[in-house]
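Structure record follows, encoded as structure tokens.
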Amino acid sequence: MADTIRVVEYFYVTVANKPGEGARLLDTLRQERVNMLAFSAFPAGRKSQADFVPEDPAAFRRAAKKAKWKVVGPKKAFLVQGDDRVGAIADLVGHLGAAKINVTALDAVSVHGRYAAIFWVAPKDLKKASKIVGALSNSSQTVDAAIALSGIP
């Protein structure tokens, strides 16, 4: 089976870089029944940046507003899912690199024979990257529809 690749909306917040901050953020979303497709957090200077890819962006915005978070976004990223195989990510970034598209960040994981990744490109490369990954995906119509709905020029 081919990989499924889609454009997703992500949001981020900046929080103190101290124990328990990620747990506090995620617990807030759990209490509001907001499901995450992906979550990534990392140090950003003396703080931490927490990136959220919610299944329902509107529900995420409501929960964040209720919690009085200072949210940045929505922004665009790509979510990849597929059957795990040797070189799955190498194939993906190889195609993007050959098209002169720089991947600014990528997180990937494999569990029980499946893998998933989220990756980011510069906003100026979003449309070009969408065309490349659409050709690799068994859901190229999903990528094309997401581009049309997102207003990517």
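We name chains A, B, ... following the order of the structure tokens; residues begin at 1 in each chain, and ligands are numbered from 1 as shown.
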
Per-residue DSSP, chain A, filtered to strand (DSSP E or B), as a ChimeraX atom specification: /A:3-16,36-44,47-54,72-83,103-111,114-121,137

Would you pick out the contacts of range 115-125 of chain A at 10 Å or less, using only C-alpha atoms, so that residues sharing its chain but fewer than 5 positions from it are not included, and give the list as a PDB file with N, CA and C atoms, in the first residue's frame?
ATOM      1  N   ASP A   3       1.927   5.232   0.641  1.00  0.00           N
ATOM      2  CA  ASP A   3       1.787   6.116   1.788  1.00  0.00           C
ATOM      3  C   ASP A   3       0.627   7.088   1.595  1.00  0.00           C
ATOM      4  N   THR A   4       0.058   7.512   2.696  1.00  0.00           N
ATOM      5  CA  THR A   4      -0.941   8.570   2.695  1.00  0.00           C
ATOM      6  C   THR A   4      -0.241   9.821   3.200  1.00  0.00           C
ATOM      7  N   ILE A   5      -0.288  10.868   2.404  1.00  0.00           N
ATOM      8  CA  ILE A   5       0.361  12.126   2.767  1.00  0.00           C
ATOM      9  C   ILE A   5      -0.672  13.232   2.621  1.00  0.00           C
ATOM     10  N   ARG A   6      -0.801  14.039   3.676  1.00  0.00           N
ATOM     11  CA  ARG A   6      -1.777  15.124   3.594  1.00  0.00           C
ATOM     12  C   ARG A   6      -1.246  16.392   4.239  1.00  0.00           C
ATOM     13  N   VAL A   7      -1.763  17.500   3.764  1.00  0.00           N
ATOM     14  CA  VAL A   7      -1.464  18.798   4.354  1.00  0.00           C
ATOM     15  C   VAL A   7      -2.324  18.930   5.607  1.00  0.00           C
ATOM     16  N   VAL A   8      -1.694  19.338   6.709  1.00  0.00           N
ATOM     17  CA  VAL A   8      -2.422  19.519   7.966  1.00  0.00           C
ATOM     18  C   VAL A   8      -2.135  20.910   8.521  1.00  0.00           C
ATOM     19  N   LEU A  37      -3.358  14.569  16.115  1.00  0.00           N
ATOM     20  CA  LEU A  37      -2.758  13.710  15.095  1.00  0.00           C
ATOM     21  C   LEU A  37      -1.258  13.618  15.329  1.00  0.00           C
ATOM     22  N   ALA A  38      -0.687  14.711  15.844  1.00  0.00           N
ATOM     23  CA  ALA A  38       0.738  14.753  16.161  1.00  0.00           C
ATOM     24  C   ALA A  38       0.979  15.833  17.203  1.00  0.00           C
ATOM     25  N   PHE A  39       2.053  15.635  17.952  1.00  0.00           N
ATOM     26  CA  PHE A  39       2.500  16.604  18.952  1.00  0.00           C
ATOM     27  C   PHE A  39       4.018  16.524  19.006  1.00  0.00           C
ATOM     28  N   SER A  40       4.663  17.660  19.030  1.00  0.00           N
ATOM     29  CA  SER A  40       6.117  17.710  19.120  1.00  0.00           C
ATOM     30  C   SER A  40       6.495  18.911  19.963  1.00  0.00           C
ATOM     31  N   VAL A  53      -0.785  19.290  16.184  1.00  0.00           N
ATOM     32  CA  VAL A  53      -1.516  19.005  14.946  1.00  0.00           C
ATOM     33  C   VAL A  53      -2.828  18.355  15.371  1.00  0.00           C
ATOM     34  N   LYS A  75      -0.652  27.133  10.780  1.00  0.00           N
ATOM     35  CA  LYS A  75       0.361  27.048   9.747  1.00  0.00           C
ATOM     36  C   LYS A  75       0.194  25.675   9.096  1.00  0.00           C
ATOM     37  N   LYS A  76       0.954  25.420   8.054  1.00  0.00           N
ATOM     38  CA  LYS A  76       0.807  24.165   7.309  1.00  0.00           C
ATOM     39  C   LYS A  76       2.009  23.250   7.499  1.00  0.00           C
ATOM     40  N   ALA A  77       1.739  21.966   7.550  1.00  0.00           N
ATOM     41  CA  ALA A  77       2.757  20.926   7.601  1.00  0.00           C
ATOM     42  C   ALA A  77       2.212  19.737   6.806  1.00  0.00           C
ATOM     43  N   PHE A  78       3.011  18.695   6.696  1.00  0.00           N
ATOM     44  CA  PHE A  78       2.590  17.473   6.019  1.00  0.00           C
ATOM     45  C   PHE A  78       2.598  16.329   7.018  1.00  0.00           C
ATOM     46  N   LEU A  79       1.555  15.511   6.990  1.00  0.00           N
ATOM     47  CA  LEU A  79       1.466  14.311   7.814  1.00  0.00           C
ATOM     48  C   LEU A  79       1.517  13.108   6.883  1.00  0.00           C
ATOM     49  N   VAL A  80       2.435  12.190   7.160  1.00  0.00           N
ATOM     50  CA  VAL A  80       2.656  11.001   6.338  1.00  0.00           C
ATOM     51  C   VAL A  80       2.335   9.770   7.181  1.00  0.00           C
ATOM     52  N   GLN A  81       1.627   8.800   6.590  1.00  0.00           N
ATOM     53  CA  GLN A  81       1.351   7.534   7.265  1.00  0.00           C
ATOM     54  C   GLN A  81       1.473   6.413   6.251  1.00  0.00           C
ATOM     55  N   GLY A  82       2.033   5.292   6.671  1.00  0.00           N
ATOM     56  CA  GLY A  82       2.159   4.179   5.739  1.00  0.00           C
ATOM     57  C   GLY A  82       2.700   2.926   6.400  1.00  0.00           C
ATOM     58  N   ASP A  83       2.820   1.883   5.593  1.00  0.00           N
ATOM     59  CA  ASP A  83       3.422   0.644   6.053  1.00  0.00           C
ATOM     60  C   ASP A  83       4.930   0.858   6.158  1.00  0.00           C
ATOM     61  N   ASP A  84       5.499   0.457   7.284  1.00  0.00           N
ATOM     62  CA  ASP A  84       6.915   0.683   7.501  1.00  0.00           C
ATOM     63  C   ASP A  84       7.747  -0.155   6.536  1.00  0.00           C
ATOM     64  N   ARG A  85       8.840   0.427   6.103  1.00  0.00           N
ATOM     65  CA  ARG A  85       9.787  -0.277   5.234  1.00  0.00           C
ATOM     66  C   ARG A  85      11.131   0.432   5.355  1.00  0.00           C
ATOM     67  N   ALA A  88      11.859   4.374   4.042  1.00  0.00           N
ATOM     68  CA  ALA A  88      10.616   5.117   3.776  1.00  0.00           C
ATOM     69  C   ALA A  88      10.851   6.627   3.837  1.00  0.00           C
ATOM     70  N   ILE A  89      11.523   7.094   4.874  1.00  0.00           N
ATOM     71  CA  ILE A  89      11.772   8.526   5.012  1.00  0.00           C
ATOM     72  C   ILE A  89      12.829   8.979   4.008  1.00  0.00           C
ATOM     73  N   VAL A  93      12.310  12.265   1.567  1.00  0.00           N
ATOM     74  CA  VAL A  93      13.170  13.448   1.551  1.00  0.00           C
ATOM     75  C   VAL A  93      14.051  13.475   0.305  1.00  0.00           C
ATOM     76  N   LEU A  96      11.960  15.211  -2.326  1.00  0.00           N
ATOM     77  CA  LEU A  96      11.880  16.642  -2.039  1.00  0.00           C
ATOM     78  C   LEU A  96      13.222  17.328  -2.321  1.00  0.00           C
ATOM     79  N   LYS A 100      14.727  20.380  -5.059  1.00  0.00           N
ATOM     80  CA  LYS A 100      15.314  21.575  -4.426  1.00  0.00           C
ATOM     81  C   LYS A 100      14.420  22.172  -3.341  1.00  0.00           C
ATOM     82  N   ILE A 101      13.696  21.293  -2.635  1.00  0.00           N
ATOM     83  CA  ILE A 101      12.853  21.721  -1.521  1.00  0.00           C
ATOM     84  C   ILE A 101      13.549  21.322  -0.227  1.00  0.00           C
ATOM     85  N   ASN A 102      13.795  22.296   0.632  1.00  0.00           N
ATOM     86  CA  ASN A 102      14.436  22.033   1.907  1.00  0.00           C
ATOM     87  C   ASN A 102      13.382  21.647   2.948  1.00  0.00           C
ATOM     88  N   VAL A 103      13.604  20.533   3.620  1.00  0.00           N
ATOM     89  CA  VAL A 103      12.748  20.130   4.741  1.00  0.00           C
ATOM     90  C   VAL A 103      13.314  20.823   5.970  1.00  0.00           C
ATOM     91  N   THR A 104      12.530  21.722   6.566  1.00  0.00           N
ATOM     92  CA  THR A 104      13.035  22.500   7.694  1.00  0.00           C
ATOM     93  C   THR A 104      13.009  21.713   9.004  1.00  0.00           C
ATOM     94  N   ALA A 105      12.119  20.743   9.117  1.00  0.00           N
ATOM     95  CA  ALA A 105      12.057  19.878  10.301  1.00  0.00           C
ATOM     96  C   ALA A 105      11.261  18.630   9.941  1.00  0.00           C
ATOM     97  N   LEU A 106      11.568  17.533  10.641  1.00  0.00           N
ATOM     98  CA  LEU A 106      10.868  16.271  10.391  1.00  0.00           C
ATOM     99  C   LEU A 106      10.933  15.424  11.656  1.00  0.00           C
ATOM    100  N   ASP A 107       9.814  14.843  12.042  1.00  0.00           N
ATOM    101  CA  ASP A 107       9.739  13.878  13.140  1.00  0.00           C
ATOM    102  C   ASP A 107       9.085  12.628  12.587  1.00  0.00           C
ATOM    103  N   ALA A 108       9.642  11.456  12.897  1.00  0.00           N
ATOM    104  CA  ALA A 108       9.066  10.205  12.400  1.00  0.00           C
ATOM    105  C   ALA A 108       9.127   9.140  13.482  1.00  0.00           C
ATOM    106  N   VAL A 109       8.209   8.181  13.376  1.00  0.00           N
ATOM    107  CA  VAL A 109       8.157   7.081  14.331  1.00  0.00           C
ATOM    108  C   VAL A 109       7.582   5.852  13.627  1.00  0.00           C
ATOM    109  N   SER A 110       7.992   4.680  14.093  1.00  0.00           N
ATOM    110  CA  SER A 110       7.466   3.427  13.566  1.00  0.00           C
ATOM    111  C   SER A 110       6.928   2.588  14.721  1.00  0.00           C
ATOM    112  N   SER A 130       3.741  20.071  -2.155  1.00  0.00           N
ATOM    113  CA  SER A 130       2.455  19.374  -2.237  1.00  0.00           C
ATOM    114  C   SER A 130       2.332  18.580  -3.524  1.00  0.00           C
ATOM    115  N   ILE A 152      -3.396  27.985  -0.553  1.00  0.00           N
ATOM    116  CA  ILE A 152      -2.012  28.035  -0.992  1.00  0.00           C
ATOM    117  C   ILE A 152      -2.009  28.520  -2.445  1.00  0.00           C
ATOM    118  N   PRO A 153      -1.250  29.588  -2.747  1.00  0.00           N
ATOM    119  CA  PRO A 153      -1.266  30.109  -4.131  1.00  0.00           C
ATOM    120  C   PRO A 153      -0.639  29.161  -5.124  1.00  0.00           C
TER     121      PRO A 153
END

As a JSON list (two decimals) with C-alpha atoms, in the first residue's frame, please: every residue in chain A that DSSP puts in alpha helix (DSSP H).
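Just written: part_32.json:
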[["chain", "number", "residue", "atom", "x", "y", "z"],
["A", 21, "GLU", "CA", 4.63, 21.99, 31.08],
["A", 22, "GLY", "CA", 3.97, 19.49, 28.28],
["A", 23, "ALA", "CA", 1.79, 17.42, 30.59],
["A", 24, "ARG", "CA", -0.18, 20.54, 31.55],
["A", 25, "LEU", "CA", -0.79, 21.46, 27.91],
["A", 26, "LEU", "CA", -1.80, 17.96, 26.88],
["A", 27, "ASP", "CA", -4.03, 17.51, 29.92],
["A", 28, "THR", "CA", -5.89, 20.71, 28.99],
["A", 29, "LEU", "CA", -6.59, 19.26, 25.56],
["A", 30, "ARG", "CA", -7.63, 15.91, 27.03],
["A", 31, "GLN", "CA", -10.09, 17.64, 29.35],
["A", 57, "PRO", "CA", -8.46, 22.60, 14.38],
["A", 58, "ALA", "CA", -11.62, 24.46, 15.43],
["A", 59, "ALA", "CA", -11.89, 22.38, 18.62],
["A", 60, "PHE", "CA", -8.22, 23.06, 19.33],
["A", 61, "ARG", "CA", -8.73, 26.81, 18.92],
["A", 62, "ARG", "CA", -11.71, 26.75, 21.29],
["A", 63, "ALA", "CA", -9.75, 24.82, 23.93],
["A", 64, "ALA", "CA", -6.70, 27.09, 23.57],
["A", 65, "LYS", "CA", -8.86, 30.22, 23.85],
["A", 66, "LYS", "CA", -10.58, 28.84, 26.95],
["A", 88, "ALA", "CA", 10.62, 5.12, 3.78],
["A", 89, "ILE", "CA", 11.77, 8.53, 5.01],
["A", 90, "ALA", "CA", 14.85, 8.47, 2.76],
["A", 91, "ASP", "CA", 12.56, 8.06, -0.26],
["A", 92, "LEU", "CA", 10.39, 10.96, 0.81],
["A", 93, "VAL", "CA", 13.17, 13.45, 1.55],
["A", 94, "GLY", "CA", 15.07, 12.26, -1.52],
["A", 95, "HIS", "CA", 12.20, 13.29, -3.79],
["A", 96, "LEU", "CA", 11.88, 16.64, -2.04],
["A", 97, "GLY", "CA", 15.63, 17.25, -2.17],
["A", 98, "ALA", "CA", 15.76, 16.40, -5.86],
["A", 126, "LEU", "CA", 4.42, 24.48, 0.21],
["A", 127, "LYS", "CA", 2.69, 24.27, -3.17],
["A", 128, "LYS", "CA", 5.70, 22.72, -4.91],
["A", 129, "ALA", "CA", 6.16, 20.20, -2.08],
["A", 130, "SER", "CA", 2.45, 19.37, -2.24],
["A", 131, "LYS", "CA", 2.77, 18.43, -5.90],
["A", 132, "ILE", "CA", 5.80, 16.22, -5.18],
["A", 133, "VAL", "CA", 4.22, 14.39, -2.25],
["A", 134, "GLY", "CA", 0.89, 14.14, -4.06],
["A", 135, "ALA", "CA", 2.62, 12.03, -6.71],
["A", 136, "LEU", "CA", 4.01, 9.76, -3.95],
["A", 140, "SER", "CA", -3.07, 12.72, -3.97],
["A", 141, "GLN", "CA", -6.68, 13.89, -4.26],
["A", 142, "THR", "CA", -6.59, 14.58, -0.51],
["A", 143, "VAL", "CA", -3.40, 16.63, -0.93],
["A", 144, "ASP", "CA", -4.89, 18.52, -3.90],
["A", 145, "ALA", "CA", -8.12, 19.22, -2.00],
["A", 146, "ALA", "CA", -6.21, 20.40, 1.06],
["A", 147, "ILE", "CA", -4.20, 22.79, -1.11],
["A", 148, "ALA", "CA", -7.36, 24.18, -2.68],
["A", 149, "LEU", "CA", -9.05, 24.65, 0.70],
["A", 150, "SER", "CA", -5.99, 26.14, 2.38]]

Applying 7 Å and only C-alpha atoms, which residues near Met36 in chain A remain after dropping the ones on its own chain fewer than 5 positions away? List them as an mmCIF file with C-alpha atoms, in the first residue's frame.
data_model
loop_
_atom_site.group_PDB
_atom_site.id
_atom_site.type_symbol
_atom_site.label_atom_id
_atom_site.label_comp_id
_atom_site.auth_asym_id
_atom_site.auth_seq_id
_atom_site.Cartn_x
_atom_site.Cartn_y
_atom_site.Cartn_z
ATOM 1 C CA PHE A 52 0.104 20.688 17.949
ATOM 2 C CA VAL A 53 -1.516 19.005 14.946
ATOM 3 C CA PRO A 54 -5.138 18.616 16.021
ATOM 4 C CA GLU A 55 -7.626 16.333 14.332
#

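Taking CA of Ser48 in chain A and CA of Trp69 in chain A as endpoints, the distance between them is 13.9 Å.
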
Between CA of Ala16 in chain A and CA of Gly73 in chain A, what is the distance in Å, rounded to a tenth?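 Computing the Euclidean distance for CA of Ala16 in chain A and CA of Gly73 in chain A yields 19.2 Å.
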
Pairwise distance for CA of Ala50 in chain A and CA of Lys68 in chain A, rounded to one decimal in Å: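 One can read the CA of Ala50 in chain A to CA of Lys68 in chain A distance as 15.1 Å.
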